[in-house]
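Asker: My structure file upload28.txt, compact mmCIF, C-alpha atoms, is below:
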```txt
# COMPACT_ATOMS: atom_id res chain seq x y z
CA MET A 1 104.90 102.03 94.39
CA LEU A 2 104.01 98.60 93.07
CA ASP A 3 101.93 96.09 95.02
CA LEU A 4 104.36 93.66 96.67
CA LYS A 5 101.84 90.80 96.58
CA ASN A 6 101.16 91.27 92.86
CA VAL A 7 104.87 91.44 92.04
CA ALA A 8 105.55 88.30 94.06
CA GLN A 9 102.69 86.33 92.45
CA ASN A 10 103.33 87.52 88.87
CA PHE A 11 107.06 88.08 89.05
CA ASP A 12 108.08 87.00 85.54
CA ALA A 13 105.27 88.94 83.81
CA VAL A 14 105.95 92.09 85.85
CA VAL A 15 109.69 91.91 85.21
CA ALA A 16 109.17 91.42 81.47
CA ARG A 17 106.98 94.52 81.28
CA LEU A 18 109.36 96.58 83.42
CA GLN A 19 112.31 95.55 81.25
CA SER A 20 110.51 97.05 78.25
CA ARG A 21 111.21 100.42 79.86
CA GLY A 22 114.93 99.87 79.27
CA GLY A 23 117.65 100.77 81.72
CA SER A 24 119.52 98.38 83.97
CA LEU A 25 116.81 97.21 86.35
CA ASP A 26 118.05 94.10 88.22
CA LEU A 27 115.33 92.43 90.25
CA GLY A 28 117.37 89.34 91.12
CA PRO A 29 117.90 90.48 94.76
CA PHE A 30 114.20 91.36 94.96
CA LYS A 31 113.23 87.85 93.84
CA SER A 32 115.53 86.28 96.43
CA LEU A 33 114.00 88.43 99.18
CA VAL A 34 110.47 87.53 98.05
CA SER A 35 111.41 83.85 98.24
CA GLU A 36 112.93 84.29 101.69
CA ARG A 37 109.85 86.21 102.87
CA ARG A 38 107.60 83.35 101.73
CA ASP A 39 109.82 80.76 103.47
CA LEU A 40 109.80 82.79 106.68
CA TYR A 41 106.00 82.95 106.71
CA VAL A 42 105.75 79.18 106.14
CA ALA A 43 108.28 78.47 108.89
CA MET A 44 106.55 80.83 111.34
CA GLU A 45 103.15 79.26 110.64
CA SER A 46 104.63 75.81 111.30
CA LEU A 47 106.31 76.96 114.51
CA SER A 48 103.14 78.73 115.69
CA ALA A 49 101.13 75.58 115.03
CA ARG A 50 103.68 73.58 117.02
CA ARG A 51 103.47 76.06 119.88
CA ASN A 52 99.67 75.99 119.90
CA ALA A 53 99.63 72.18 119.90
CA ALA A 54 102.21 72.15 122.70
CA ASN A 55 99.97 74.31 124.87
CA GLU A 56 97.32 71.62 124.79
CA GLU A 57 99.96 68.94 125.31
CA MET A 58 101.34 70.77 128.34
CA LYS A 59 97.90 70.77 129.95
CA ARG A 60 97.81 66.98 129.65
CA LYS A 61 101.41 66.52 130.79
CA ALA A 62 100.75 68.59 133.88
CA LYS A 63 98.32 65.86 135.03
CA GLU A 64 99.78 62.73 133.44
CA ASP A 65 103.56 63.20 133.44
CA PRO A 66 104.85 66.21 135.41
CA ALA A 67 108.47 65.12 134.80
CA ALA A 68 108.06 65.45 131.04
CA LEU A 69 106.46 68.87 131.43
CA GLU A 70 109.73 70.68 132.09
CA SER A 71 111.31 69.15 128.99
CA LEU A 72 108.37 70.30 126.90
CA ARG A 73 108.62 73.79 128.37
CA GLY A 74 112.26 73.94 127.37
CA GLU A 75 111.35 72.91 123.83
CA MET A 76 108.68 75.61 123.66
CA ARG A 77 111.10 78.27 124.90
CA ALA A 78 113.32 77.32 121.98
CA VAL A 79 110.33 77.46 119.59
CA SER A 80 109.33 80.92 120.90
CA GLN A 81 112.90 82.17 120.51
CA ASN A 82 112.96 80.79 116.96
CA ILE A 83 109.75 82.63 116.15
CA LYS A 84 111.16 85.90 117.54
CA GLU A 85 114.28 85.51 115.43
CA LYS A 86 112.24 84.85 112.30
CA GLU A 87 109.97 87.82 113.05
CA ALA A 88 113.04 90.04 113.35
CA ARG A 89 114.42 88.73 110.07
CA LEU A 90 111.02 89.13 108.40
CA LYS A 91 110.98 92.78 109.44
CA GLU A 92 114.43 93.27 107.89
CA VAL A 93 113.39 91.51 104.68
CA GLU A 94 110.20 93.54 104.31
CA GLU A 95 112.05 96.82 104.97
CA GLU A 96 114.54 95.91 102.24
CA LEU A 97 111.73 94.91 99.87
CA ASN A 98 110.02 98.26 100.47
CA ARG A 99 113.31 100.09 99.89
CA ILE A 100 113.70 98.32 96.54
CA LEU A 101 110.04 98.91 95.63
CA LEU A 102 110.57 102.67 96.06
CA LEU A 103 113.18 102.51 93.28
CA ILE A 104 111.09 100.43 90.83
CA PRO A 105 109.07 102.39 88.22
CA ASN A 106 105.43 101.79 87.41
CA VAL A 107 104.46 98.90 85.14
CA PRO A 108 103.38 100.20 81.69
CA HIS A 109 99.75 99.61 80.78
CA GLU A 110 99.13 96.94 78.14
CA SER A 111 98.02 99.63 75.65
CA VAL A 112 101.45 101.33 75.77
CA PRO A 113 103.68 100.40 72.80
CA GLU A 114 107.08 98.91 73.55
CA GLY A 115 110.08 100.99 72.57
CA ALA A 116 113.47 102.14 73.77
CA SER A 117 113.30 105.89 73.13
CA ALA A 118 111.24 108.81 71.79
CA GLU A 119 111.75 107.51 68.24
CA GLN A 120 109.26 104.73 69.05
CA ASN A 121 106.52 107.09 70.30
CA VAL A 122 103.30 106.96 68.30
CA GLN A 123 101.49 110.00 66.88
CA VAL A 124 97.79 109.63 67.67
CA ARG A 125 96.46 112.93 66.34
CA ILE A 126 97.46 116.32 65.00
CA TRP A 127 95.73 119.70 64.98
CA GLY A 128 96.13 122.61 62.59
CA ASP A 129 98.81 123.33 60.03
CA LYS A 130 102.35 124.55 60.38
CA PRO A 131 102.41 128.33 59.88
CA GLN A 132 103.94 129.35 56.56
CA LEU A 133 106.03 132.40 57.44
CA PRO A 134 107.28 134.35 54.36
CA PHE A 135 110.67 135.00 56.03
CA THR A 136 113.27 133.09 58.02
CA PRO A 137 111.74 132.83 61.51
CA LYS A 138 113.78 133.68 64.58
CA GLN A 139 113.97 131.63 67.76
CA HIS A 140 112.18 132.90 70.84
CA PHE A 141 115.30 134.09 72.67
CA GLU A 142 116.34 136.18 69.66
CA LEU A 143 112.88 137.74 69.51
CA GLY A 144 112.73 138.34 73.27
CA GLU A 145 116.13 140.00 73.37
CA LYS A 146 115.38 142.17 70.31
CA LEU A 147 112.13 143.28 71.97
CA GLY A 148 114.10 144.10 75.12
CA MET A 149 111.79 141.82 77.08
CA LEU A 150 114.01 138.83 77.91
CA ASP A 151 117.23 139.46 79.81
CA PHE A 152 119.35 136.35 80.28
CA GLU A 153 122.59 138.20 81.00
CA ARG A 154 121.36 140.08 84.06
CA ALA A 155 119.51 136.99 85.31
CA ALA A 156 122.81 135.08 85.17
CA LYS A 157 124.44 137.90 87.15
CA VAL A 158 121.75 137.62 89.82
CA SER A 159 121.08 133.85 89.93
CA GLY A 160 123.49 132.00 87.63
CA SER A 161 122.69 130.09 84.46
CA ARG A 162 119.22 128.89 83.42
CA PHE A 163 117.31 131.86 84.84
CA THR A 164 115.61 134.75 83.04
CA PHE A 165 114.19 138.21 83.65
CA TYR A 166 110.93 138.91 81.78
CA LYS A 167 110.21 142.59 81.20
CA GLY A 168 107.33 144.80 80.16
CA ALA A 169 104.53 143.36 78.05
CA LEU A 170 106.17 139.92 77.89
CA ALA A 171 106.02 139.66 81.68
CA ARG A 172 102.36 140.60 81.42
CA LEU A 173 101.86 137.99 78.68
CA GLU A 174 103.15 135.24 80.97
CA ARG A 175 100.75 136.41 83.68
CA ALA A 176 97.92 136.64 81.15
CA LEU A 177 98.52 133.06 80.03
CA VAL A 178 98.22 131.81 83.61
CA SER A 179 94.86 133.55 84.09
CA PHE A 180 93.61 132.36 80.69
CA MET A 181 94.55 128.74 81.36
CA ILE A 182 93.03 128.70 84.85
CA ASP A 183 89.81 130.29 83.55
CA VAL A 184 89.45 127.65 80.81
CA HIS A 185 90.05 124.75 83.20
CA THR A 186 87.75 126.01 85.96
CA GLN A 187 84.96 126.48 83.40
CA LYS A 188 85.28 122.73 82.78
CA GLY A 189 84.89 121.78 86.43
CA TYR A 190 88.46 121.84 87.72
CA VAL A 191 88.75 123.35 91.19
CA GLU A 192 91.45 126.03 91.34
CA MET A 193 94.12 125.65 94.02
CA LEU A 194 97.14 127.70 95.04
CA PRO A 195 99.46 125.17 96.70
CA PRO A 196 102.50 125.46 98.96
CA TYR A 197 105.79 125.71 97.09
CA LEU A 198 107.80 123.93 99.80
CA VAL A 199 106.97 120.34 100.79
CA LEU A 200 108.24 117.67 103.15
CA ARG A 201 110.27 114.62 102.15
CA GLU A 202 107.31 112.26 102.59
CA THR A 203 105.29 114.45 100.21
CA MET A 204 107.94 114.08 97.50
CA MET A 205 107.98 110.34 98.23
CA GLY A 206 104.22 110.20 97.76
CA THR A 207 104.33 111.18 94.09
CA GLY A 208 107.54 109.30 93.25
CA GLN A 209 110.06 112.14 93.01
CA LEU A 210 112.01 110.57 95.86
CA PRO A 211 114.15 108.68 96.49
CA LYS A 212 115.17 108.10 92.86
CA PHE A 213 115.32 111.72 91.63
CA GLU A 214 116.66 113.57 94.65
CA ASP A 215 119.56 114.99 92.62
CA ASP A 216 117.04 116.87 90.45
CA ALA A 217 115.46 118.64 93.43
CA PHE A 218 116.32 121.78 95.36
CA LYS A 219 116.03 121.41 99.13
CA THR A 220 116.44 123.56 102.20
CA ALA A 221 118.98 123.18 104.97
CA GLY A 222 117.95 122.59 108.57
CA GLU A 223 115.05 120.71 110.11
CA PRO A 224 112.50 119.88 109.01
CA GLU A 225 113.99 119.36 105.57
CA ARG A 226 111.81 120.80 102.81
CA PHE A 227 111.92 120.61 99.02
CA LEU A 228 111.02 123.26 96.43
CA ILE A 229 108.31 121.68 94.29
CA PRO A 230 109.26 120.50 90.77
CA THR A 231 105.57 120.77 89.80
CA ALA A 232 102.24 121.47 91.50
CA GLU A 233 101.46 117.77 90.97
CA VAL A 234 103.42 117.07 94.17
CA PRO A 235 101.42 119.12 96.72
CA VAL A 236 98.07 118.76 94.94
CA THR A 237 98.24 114.96 94.64
CA ASN A 238 99.27 114.74 98.30
CA TYR A 239 96.34 116.99 99.25
CA HIS A 240 94.36 113.79 99.88
CA ALA A 241 97.22 111.75 101.40
CA ASP A 242 96.11 109.39 104.19
CA GLU A 243 92.44 109.92 103.29
CA ILE A 244 89.53 107.75 102.22
CA LEU A 245 87.45 109.45 99.52
CA GLU A 246 83.82 108.67 98.78
CA GLY A 247 83.23 107.02 95.42
CA GLU A 248 80.38 109.33 94.43
CA SER A 249 82.77 112.32 94.65
CA LEU A 250 85.06 110.90 91.94
CA PRO A 251 86.52 112.02 89.68
CA LEU A 252 87.97 114.94 91.60
CA ARG A 253 89.58 117.54 89.33
CA TYR A 254 92.01 120.23 90.45
CA CYS A 255 94.11 122.80 88.61
CA ALA A 256 96.88 124.86 90.12
CA PHE A 257 99.34 127.53 89.06
CA SER A 258 102.80 127.38 90.60
CA PRO A 259 106.42 128.11 89.92
CA CYS A 260 108.41 124.92 89.38
CA PHE A 261 111.99 124.38 90.51
CA ARG A 262 114.30 121.77 88.96
CA ALA A 263 118.03 121.30 89.30
CA GLU A 264 118.11 119.69 85.82
CA ALA A 265 120.99 117.51 87.02
CA GLY A 266 120.66 115.26 84.00
CA ALA A 267 120.36 118.03 81.42
CA ALA A 268 123.92 119.29 81.11
CA GLY A 269 124.51 120.83 77.70
CA ARG A 270 120.86 120.61 76.62
CA ASP A 271 118.88 123.72 75.60
CA THR A 272 121.39 126.04 77.20
CA ARG A 273 119.92 129.11 75.47
CA GLY A 274 116.45 130.46 76.02
CA LEU A 275 113.47 129.37 78.09
CA ILE A 276 113.17 125.70 77.18
CA ARG A 277 115.04 124.26 80.17
CA GLN A 278 115.16 126.55 83.20
CA HIS A 279 115.79 126.00 86.90
CA GLN A 280 112.61 128.02 87.59
CA PHE A 281 109.53 128.20 85.38
CA HIS A 282 105.75 128.52 85.64
CA LYS A 283 103.16 125.87 84.98
CA VAL A 284 99.44 125.30 85.31
CA GLU A 285 98.96 121.73 86.47
CA MET A 286 95.90 119.49 86.26
CA VAL A 287 95.43 116.67 88.80
CA LYS A 288 92.66 114.08 88.91
CA PHE A 289 91.58 111.35 91.32
CA ALA A 290 89.53 108.65 89.57
CA THR A 291 88.25 105.12 90.05
CA PRO A 292 90.30 102.28 88.54
CA ASP A 293 87.67 101.59 85.84
CA THR A 294 87.50 105.24 84.68
CA SER A 295 91.09 106.51 84.94
CA LEU A 296 92.06 105.74 81.33
CA ASP A 297 88.99 107.61 80.07
CA GLU A 298 89.89 110.50 82.36
CA LEU A 299 93.38 110.52 80.85
CA GLU A 300 91.87 111.03 77.39
CA LYS A 301 89.74 113.91 78.70
CA MET A 302 92.66 115.50 80.53
CA THR A 303 94.84 115.35 77.42
CA ASP A 304 92.11 117.02 75.38
CA ASP A 305 91.72 119.69 78.06
CA ALA A 306 95.40 120.55 77.60
CA CYS A 307 95.03 120.51 73.80
CA ASP A 308 92.05 122.84 74.07
CA ILE A 309 94.32 125.59 75.40
CA LEU A 310 96.48 125.25 72.27
CA ARG A 311 93.46 125.15 69.96
CA ARG A 312 92.14 128.39 71.46
CA LEU A 313 95.56 129.96 70.99
CA GLY A 314 95.68 128.76 67.39
CA LEU A 315 98.91 126.79 67.88
CA HIS A 316 99.63 123.80 65.64
CA HIS A 317 100.40 120.70 67.74
CA ARG A 318 100.39 116.93 67.83
CA VAL A 319 99.66 114.30 70.49
CA MET A 320 102.14 111.47 70.99
CA LEU A 321 101.54 108.23 72.88
CA LEU A 322 104.80 107.54 74.67
CA CYS A 323 106.44 104.14 74.35
CA THR A 324 107.54 102.15 77.39
CA GLY A 325 111.11 103.44 77.26
CA ASP A 326 110.16 107.13 77.22
CA MET A 327 107.63 107.31 80.06
CA GLY A 328 108.14 108.94 83.42
CA PHE A 329 108.85 106.94 86.56
CA ALA A 330 105.35 107.01 88.08
CA ALA A 331 103.30 106.76 84.88
CA ARG A 332 101.59 103.70 83.47
CA LYS A 333 100.43 105.56 80.34
CA THR A 334 101.42 109.00 79.03
CA TYR A 335 100.53 111.34 76.21
CA ASP A 336 102.95 114.14 75.32
CA ILE A 337 101.58 117.18 73.53
CA GLU A 338 104.16 118.75 71.23
CA VAL A 339 103.77 122.25 69.82
CA TRP A 340 105.40 123.39 66.57
CA LEU A 341 108.14 126.01 66.95
CA PRO A 342 108.96 127.70 63.60
CA GLY A 343 112.18 129.24 64.90
CA GLN A 344 113.53 125.82 65.84
CA GLY A 345 111.81 124.06 62.96
CA ALA A 346 110.80 121.33 65.38
CA TYR A 347 108.06 120.02 67.66
CA ARG A 348 108.74 120.49 71.37
CA GLU A 349 106.89 119.09 74.36
CA ILE A 350 104.54 121.56 75.99
CA SER A 351 102.47 119.17 78.10
CA SER A 352 102.72 115.65 79.44
CA CYS A 353 99.54 113.95 80.70
CA SER A 354 99.83 110.70 82.66
CA ASP A 355 97.70 108.05 84.29
CA CYS A 356 99.65 106.72 87.28
CA GLY A 357 97.15 104.04 88.24
CA ASP A 358 97.44 103.22 91.96
CA PHE A 359 101.24 103.74 91.98
CA GLN A 360 101.17 107.12 93.76
CA ALA A 361 98.08 106.33 95.81
CA ARG A 362 99.81 103.33 97.39
CA ARG A 363 102.72 105.56 98.45
CA ALA A 364 100.52 108.41 99.67
CA LYS A 365 97.80 106.12 101.12
CA ILE A 366 94.89 107.62 99.14
CA ARG A 367 91.87 105.32 99.03
CA PHE A 368 88.16 105.46 98.22
CA ARG A 369 84.97 103.56 98.97
CA ALA A 370 82.92 102.70 95.90
CA GLN A 371 79.81 102.76 98.10
CA LYS A 372 79.20 103.42 101.77
CA GLY A 373 80.22 100.42 103.83
CA ASP A 374 82.49 98.98 101.13
CA LYS A 375 86.09 98.06 101.84
CA PRO A 376 88.39 100.95 100.86
CA GLN A 377 90.55 100.48 97.77
CA LEU A 378 93.31 102.53 96.21
CA VAL A 379 92.28 105.44 94.00
CA HIS A 380 93.95 106.15 90.64
CA THR A 381 95.81 109.46 90.22
CA LEU A 382 96.41 111.44 87.03
CA ASN A 383 98.37 114.59 86.29
CA GLY A 384 99.11 116.79 83.31
CA SER A 385 100.44 120.20 82.33
CA GLY A 386 97.71 122.52 81.29
CA LEU A 387 100.12 124.06 80.14
CA ALA A 388 103.79 124.76 80.77
CA VAL A 389 103.50 128.56 80.72
CA GLY A 390 107.03 129.45 79.64
CA ARG A 391 106.91 127.02 76.73
CA THR A 392 103.56 128.48 75.70
CA THR A 393 105.20 131.92 75.68
CA ILE A 394 107.93 130.45 73.46
CA ALA A 395 105.31 129.08 71.07
CA LEU A 396 103.48 132.40 70.87
CA LEU A 397 106.68 134.34 70.16
CA GLU A 398 107.80 131.99 67.40
CA ASN A 399 104.40 131.35 65.76
CA TYR A 400 103.08 134.92 65.87
CA GLN A 401 106.30 136.76 64.99
CA ARG A 402 106.50 139.27 62.15
CA GLU A 403 109.51 139.90 59.97
CA ASP A 404 110.26 143.18 61.77
CA GLY A 405 110.51 141.35 65.12
CA THR A 406 107.16 142.42 66.52
CA VAL A 407 104.76 139.76 67.73
CA VAL A 408 100.97 139.55 67.35
CA ILE A 409 98.99 138.68 70.47
CA PRO A 410 96.26 136.05 69.86
CA GLU A 411 92.76 137.48 70.07
CA VAL A 412 91.73 135.34 73.08
CA LEU A 413 94.53 136.90 75.13
CA VAL A 414 93.86 140.55 74.22
CA PRO A 415 91.34 141.05 77.09
CA TYR A 416 93.91 139.63 79.54
CA MET A 417 96.48 142.08 78.14
CA GLY A 418 94.36 145.16 78.75
CA GLY A 419 93.62 145.50 75.03
CA LEU A 420 97.25 145.25 73.90
CA LYS A 421 97.36 143.50 70.50
CA GLU A 422 101.07 143.23 69.77
CA LEU A 423 104.50 143.19 71.36
CA ARG A 424 106.78 145.99 70.22
CA PRO A 425 110.33 146.86 71.39
CA LEU A 426 110.56 148.61 74.73
```
What is this structure when it is put down as structure tokens?

Answerer:
Amino acid sequence: MLDLKNVAQNFDAVVARLQSRGGSLDLGPFKSLVSERRDLYVAMESLSARRNAANEEMKRKAKEDPAALESLRGEMRAVSQNIKEKEARLKEVEEELNRILLLIPNVPHESVPEGASAEQNVQVRIWGDKPQLPFTPKQHFELGEKLGMLDFERAAKVSGSRFTFYKGALARLERALVSFMIDVHTQKGYVEMLPPYLVLRETMMGTGQLPKFEDDAFKTAGEPERFLIPTAEVPVTNYHADEILEGESLPLRYCAFSPCFRAEAGAAGRDTRGLIRQHQFHKVEMVKFATPDTSLDELEKMTDDACDILRRLGLHHRVMLLCTGDMGFAARKTYDIEVWLPGQGAYREISSCSDCGDFQARRAKIRFRAQKGDKPQLVHTLNGSGLAVGRTTIALLENYQREDGTVVIPEVLVPYMGGLKELRPL
């Protein structure tokens, strides 16, 4: 959530930067409420000053002119009533301002290029070369079905569309990838967590999933209402909600494996085949808490930590700096990592790493003291996929496929696969 005071004081500059995100954001009502809020404060200060002065005047009147005292008391009753009415209206105005603020995305950082869509994203680096396969490569779902290791038909029978059964060695490969990713991250100082998969409404509010994206979430019936997590970012970021951290402990680095659940309400007709866009998938998430002056550096490190997984797996990829119109709601700066998929003949996102500034921390009330005794200030939060496990499985199937439909297992994963070096039909 944005800082109301900063928005009010720098309204035109904030609006201009927000408009670079695109969409139909109308902050006219917000501006009117900010103006009314300011006028109410001025009026209340004036009335309070009048009431304070009248108290002194009443002391004098009580001795000098008792007859005038009752008239003054009547005036002060009217002043007090006026103050109460303005206080009540101020509460309404501030509640409405907060409701609007919950729907306003983060302001892009000045280093983020302006643009309307993914076409304006900027490639900042690339690693490796596209594999030159001496045959027409298949897509991952063709390979998985031919191996007998991906079953979309039976998953649809059990759960509906956008679900999958993994079988045999491919199920083990998904599990191996999780262990491999967690091992790499913890060796770099990330603390492993296994978070809850159901969270409360205020937890989803804390990271910005609600109220704007409620249609994309699965939730339970009954009280208390709970939501299936769309990513481990939600519980892990809220791990320090309502806390004051000590500056010397920052940055804090966590990594967590979890299933992720998304209704994909806005994805009708997109990637209907295969594992790209599922209602349930696995991910290893990285979350950081950093000081305001270090968070952008920590974003660079986090992005490289995600890339390191791909380098170790030998997967060609590129890093894209997202433009203003392609960033997520809570992010002020984002890098997408896109892996090359030979079967699709295209780059596809496999990780998104974002610096959210104090946007989430203001919602979740996460602060820190730079030094003991200092006034607490809002921490900066960061999150990134390290990596999306299912999409990594896709990349391995398509990049390491052979013409006969078998698939080579990268050397770094062989120990996690119990020595198995290739996927062959069941």

Asker: What is the atom CA of Glu92 of chain A to atom CA of Ala43 of chain A distance in Å?

Answerer: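 Taking atom CA of Glu92 of chain A and atom CA of Ala43 of chain A, their separation equals 16.1 Å.
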
Asker: Please work out which residues fall within 12 Å of (96.2, 119.1, 63.2), coordinates as given in the file, with only C-alpha atoms counting, and return them as a PyMOL selection string.

Answerer: chain A and resi 123-131+307+310-311+314-319+337-340

Asker: Pull the closest atom pair for each residue of segment 286-331 of chain A that gets at most 8 Å from segment 106-112 of chain A, along with the distance in Å to one decimal, counting only C-alpha atoms, ordering rows by chain and then ascending residue number, as a tab-separated table.

Answerer:
```
residue	atom	partner	partner_atom	distance
A:Leu321	CA	A:Val112	CA	7.5
A:Leu322	CA	A:Val112	CA	7.1
A:Cys323	CA	A:Val112	CA	5.9
A:Thr324	CA	A:Pro108	CA	6.3
A:Phe329	CA	A:Asn106	CA	6.2
A:Ala330	CA	A:Asn106	CA	5.3
A:Ala331	CA	A:Asn106	CA	6.0
```

Asker: Go ahead and save the picked residues with C-alpha atoms, as a CSV table (one decimal), in the coordinates of the input.

Answerer:
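New file result22.csv:
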```
chain,number,residue,atom,x,y,z
A,321,LEU,CA,101.5,108.2,72.9
A,322,LEU,CA,104.8,107.5,74.7
A,323,CYS,CA,106.4,104.1,74.4
A,324,THR,CA,107.5,102.2,77.4
A,329,PHE,CA,108.8,106.9,86.6
A,330,ALA,CA,105.4,107.0,88.1
A,331,ALA,CA,103.3,106.8,84.9
```

Asker: Which one is closest to Ile182 of chain A: A:Gly206, A:Gly23, A:Gly386, A:Pro415? Count only C-alpha atoms.

Answerer: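 Checking each candidate against Ile182 of chain A, we get A:Gly386 as the closest.
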
Asker: Quick one: distance from atom CA of Lys167 of chain A to atom CA of Gly274 of chain A in Å, one decimal?

Answerer: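 Answer for the atom CA of Lys167 of chain A to atom CA of Gly274 of chain A separation: 14.6 Å.
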
Asker: Can you pull out every residue within 10 Å of segment 192-197 of chain A, counting only C-alpha atoms, but drop anything in the same chain fewer than 5 positions away, and send it as a list in words?

Answerer: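 In the requested format, the answer is Ile182, Asp183, His185, Thr186, Arg226, Phe227, Leu228, Ile229, Pro230, Thr231, Ala232, Glu233, Val234, Pro235, Val236, Tyr239, Arg253, Tyr254, Cys255, Ala256, Phe257, Ser258, Pro259, Cys260, Phe261, Glu285 and Met286 of chain A.
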
Asker: Quote the spacing between atom CA of Ala53 of chain A and atom CA of Ser35 of chain A in Å to one decimal place.

Answerer: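 Separation of atom CA of Ala53 of chain A and atom CA of Ser35 of chain A: 27.3 Å.
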
Asker: Nearest to Tyr416 of chain A among A:Arg312, A:Lys157, A:Arg175, A:Arg348, with distances taken over only C-alpha atoms: which residue is it?

Answerer: A:Arg175

Asker: Write out, as CSV, each residue of segment 170-216 of chain A that has an atom at most 12 Å from segment 420-423 of chain A, together with the closest pair of atoms and their distance in Å to one decimal, counting all atoms listed in the file, rows going by chain and rising number.

Answerer:
```
residue,atom,partner,partner_atom,distance
A:Leu170,CA,A:Leu423,CA,7.5
A:Ala171,CA,A:Leu423,CA,11.0
A:Arg172,CA,A:Leu420,CA,10.2
A:Leu173,CA,A:Leu423,CA,9.4
A:Ala176,CA,A:Leu420,CA,11.3
```

Asker: Store the residues of this selection in a file with C-alpha atoms, as a CSV table (one decimal), in the frame of the given file.

Answerer:
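File written: result-v9.csv
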```csv
chain,number,residue,atom,x,y,z
A,170,LEU,CA,106.2,139.9,77.9
A,171,ALA,CA,106.0,139.7,81.7
A,172,ARG,CA,102.4,140.6,81.4
A,173,LEU,CA,101.9,138.0,78.7
A,176,ALA,CA,97.9,136.6,81.2
```
